[in-house]
Amino acid sequence: MIKLIALDLDNTLLNYQKQISPANERELRRLHEAGMKVVLCTGRPINAIWNYIEQLGLTEPEDATITFNGGLVLDNTTRKVLAQRGMSKQALQPLYQFAQEQGVPLDVLDFDRVYPVNDLGSSIYRDKLNGKIDFEPRSFVDLPEQEYAKGILANTSAELDQLQRALPDSVKQQYHIVRSQPEILEFLPPKVDKAVGLADLLHHFGWDFSNLMAFGDAENDAGMLEKAAVGVAMGNASPEIKQIANYITTTNDADGVAVFLSQYFPKE
């Protein structure tokens, strides 16, 4: 029995204007008000998506969000940490060295802010975020000794294609690497993905993957679509994601989430 609906944001729940359509909002509010857990799953911090959480009314007791692609699970109202998985500054050293060798910018995120590594220049990452989050430029050597959520290479799609081909095994083995958007390449702690965060949240509620429905479109959604009892790929999803999913709905610009939900959970 499905009890929790997990939703990727970009190119899944959000249309190409970075908006939740009225149809998607209506269906998700209907199900949430009927007792279904609706959980946004994103690579961003919660502050950067709070407008979407409020739009959907996900501010009731025990509403939660998966952030940092599974690295942090938060209770929406209390901001209590339900699960957290990060890595040390030392663990980011191979990624920094690679960015330095390639002459490309690097952004590092802890669980509250973005640190643009300013000795490597500035990236387009700030422009890719649609929400509130603090940016605090630092040189790599001046980054605090603390736990970090991920590193980001943000560049043109063509440039990231080249960078992915150039990644040495020493870097590939250090991180879980996902292309969350054509212009964003994420370097997460090993084995961290949205499925890991959802496993933590499902366990918190006393449920398992048999209670999960998940929607996604990109590489960083693969884990949760594979694990979910009902995995739904968007019509605009990559061919690889469509192969993983149980179902394919319409595109993100054609209310794909609402179309599927209204058919799967018809109004009584």
# chains A, B, ... in the order shown; residues from 1 in each chain; ligands from 1
call {"tool": "select_by_dssp", "arguments": {"residues": "stretch 11-227 of chain A", "states": "strand (DSSP E or B)", "output": "PyMOL selection string"}}
result
chain A and resi 14+20+37-41+64-67+72-75+81-84+87-88+107-109+113-117+134-135+138+147-148+150-154+176-181+184-188+212-216
call {"tool": "residues_around", "arguments": {"residues": "A:Gly103", "least_positions_apart": "5", "cutoff": "12 Å", "atoms": "only C-alpha atoms", "output": "PyMOL selection string"}}
result
chain A and resi 96-98+119-123+153+155+159+163
call {"tool": "write_last_selection", "arguments": {"atoms": "C-alpha atoms", "output": "tab-separated table (two decimals), in the first residue's frame"}}
result
chain	number	residue	atom	x	y	z
A	96	TYR	CA	39.60	19.98	-5.34
A	97	GLN	CA	42.81	18.70	-6.93
A	98	PHE	CA	40.90	17.54	-10.00
A	119	ASP	CA	40.84	30.29	-5.61
A	120	LEU	CA	39.32	28.36	-8.56
A	121	GLY	CA	37.16	31.19	-9.91
A	122	SER	CA	33.38	31.57	-9.94
A	123	SER	CA	30.84	29.10	-11.34
A	153	LEU	CA	31.00	21.19	-10.66
A	155	ASN	CA	29.43	24.36	-16.04
A	159	GLU	CA	32.15	21.10	-20.57
A	163	LEU	CA	35.05	16.63	-17.33
call {"tool": "select_by_dssp", "arguments": {"residues": "stretch 167-235 of chain A", "states": "helix (DSSP H, G or I)", "output": "number ranges by chain"}}
result
A: 169-172, 194-205, 209-211, 219-227
call {"tool": "atom_distance", "arguments": {"atom1": "atom CA of A:Val230", "atom2": "atom CA of A:Met213"}}
result
4.6 Å
call {"tool": "residues_around", "arguments": {"residues": "stretch 209-211 of chain A", "least_positions_apart": "3", "cutoff": "7 Å", "atoms": "only C-alpha atoms", "output": "list in words"}}
result
Met1, Ile2, Lys3, Leu4, Lys227, Ala228 and Ala229 of chain A
call {"tool": "write_last_selection", "arguments": {"atoms": "N, CA, C and O atoms", "output": "mmCIF file, in the first residue's frame"}}
result
data_model
loop_
_atom_site.group_PDB
_atom_site.id
_atom_site.type_symbol
_atom_site.label_atom_id
_atom_site.label_comp_id
_atom_site.auth_asym_id
_atom_site.auth_seq_id
_atom_site.Cartn_x
_atom_site.Cartn_y
_atom_site.Cartn_z
ATOM 1 N N MET A 1 0.837 -1.192 0.000
ATOM 2 C CA MET A 1 0.000 0.000 0.000
ATOM 3 C C MET A 1 0.877 1.250 0.000
ATOM 4 O O MET A 1 1.791 1.380 0.813
ATOM 5 N N ILE A 2 0.626 2.158 -0.930
ATOM 6 C CA ILE A 2 1.423 3.370 -1.020
ATOM 7 C C ILE A 2 1.021 4.342 0.090
ATOM 8 O O ILE A 2 -0.150 4.688 0.252
ATOM 9 N N LYS A 3 2.028 4.777 0.865
ATOM 10 C CA LYS A 3 1.794 5.721 1.951
ATOM 11 C C LYS A 3 2.625 6.995 1.804
ATOM 12 O O LYS A 3 2.359 7.987 2.497
ATOM 13 N N LEU A 4 3.635 6.944 0.929
ATOM 14 C CA LEU A 4 4.547 8.081 0.785
ATOM 15 C C LEU A 4 4.840 8.315 -0.693
ATOM 16 O O LEU A 4 5.207 7.381 -1.410
ATOM 17 N N LYS A 227 14.016 1.352 -6.245
ATOM 18 C CA LYS A 227 13.586 0.800 -4.962
ATOM 19 C C LYS A 227 12.080 0.909 -4.739
ATOM 20 O O LYS A 227 11.488 0.084 -4.029
ATOM 21 N N ALA A 228 11.456 1.939 -5.300
ATOM 22 C CA ALA A 228 10.043 2.206 -5.019
ATOM 23 C C ALA A 228 9.147 1.091 -5.544
ATOM 24 O O ALA A 228 9.400 0.510 -6.605
ATOM 25 N N ALA A 229 8.070 0.825 -4.824
ATOM 26 C CA ALA A 229 7.066 -0.119 -5.318
ATOM 27 C C ALA A 229 6.451 0.393 -6.608
ATOM 28 O O ALA A 229 6.136 -0.390 -7.512
#
call {"tool": "residues_around", "arguments": {"residues": "stretch 5-22 of chain A", "least_positions_apart": "3", "cutoff": "7 Å", "atoms": "only C-alpha atoms", "output": "ChimeraX atom specification"}}
result
/A:25-26,37-42,212-217,234,252-253,255,257
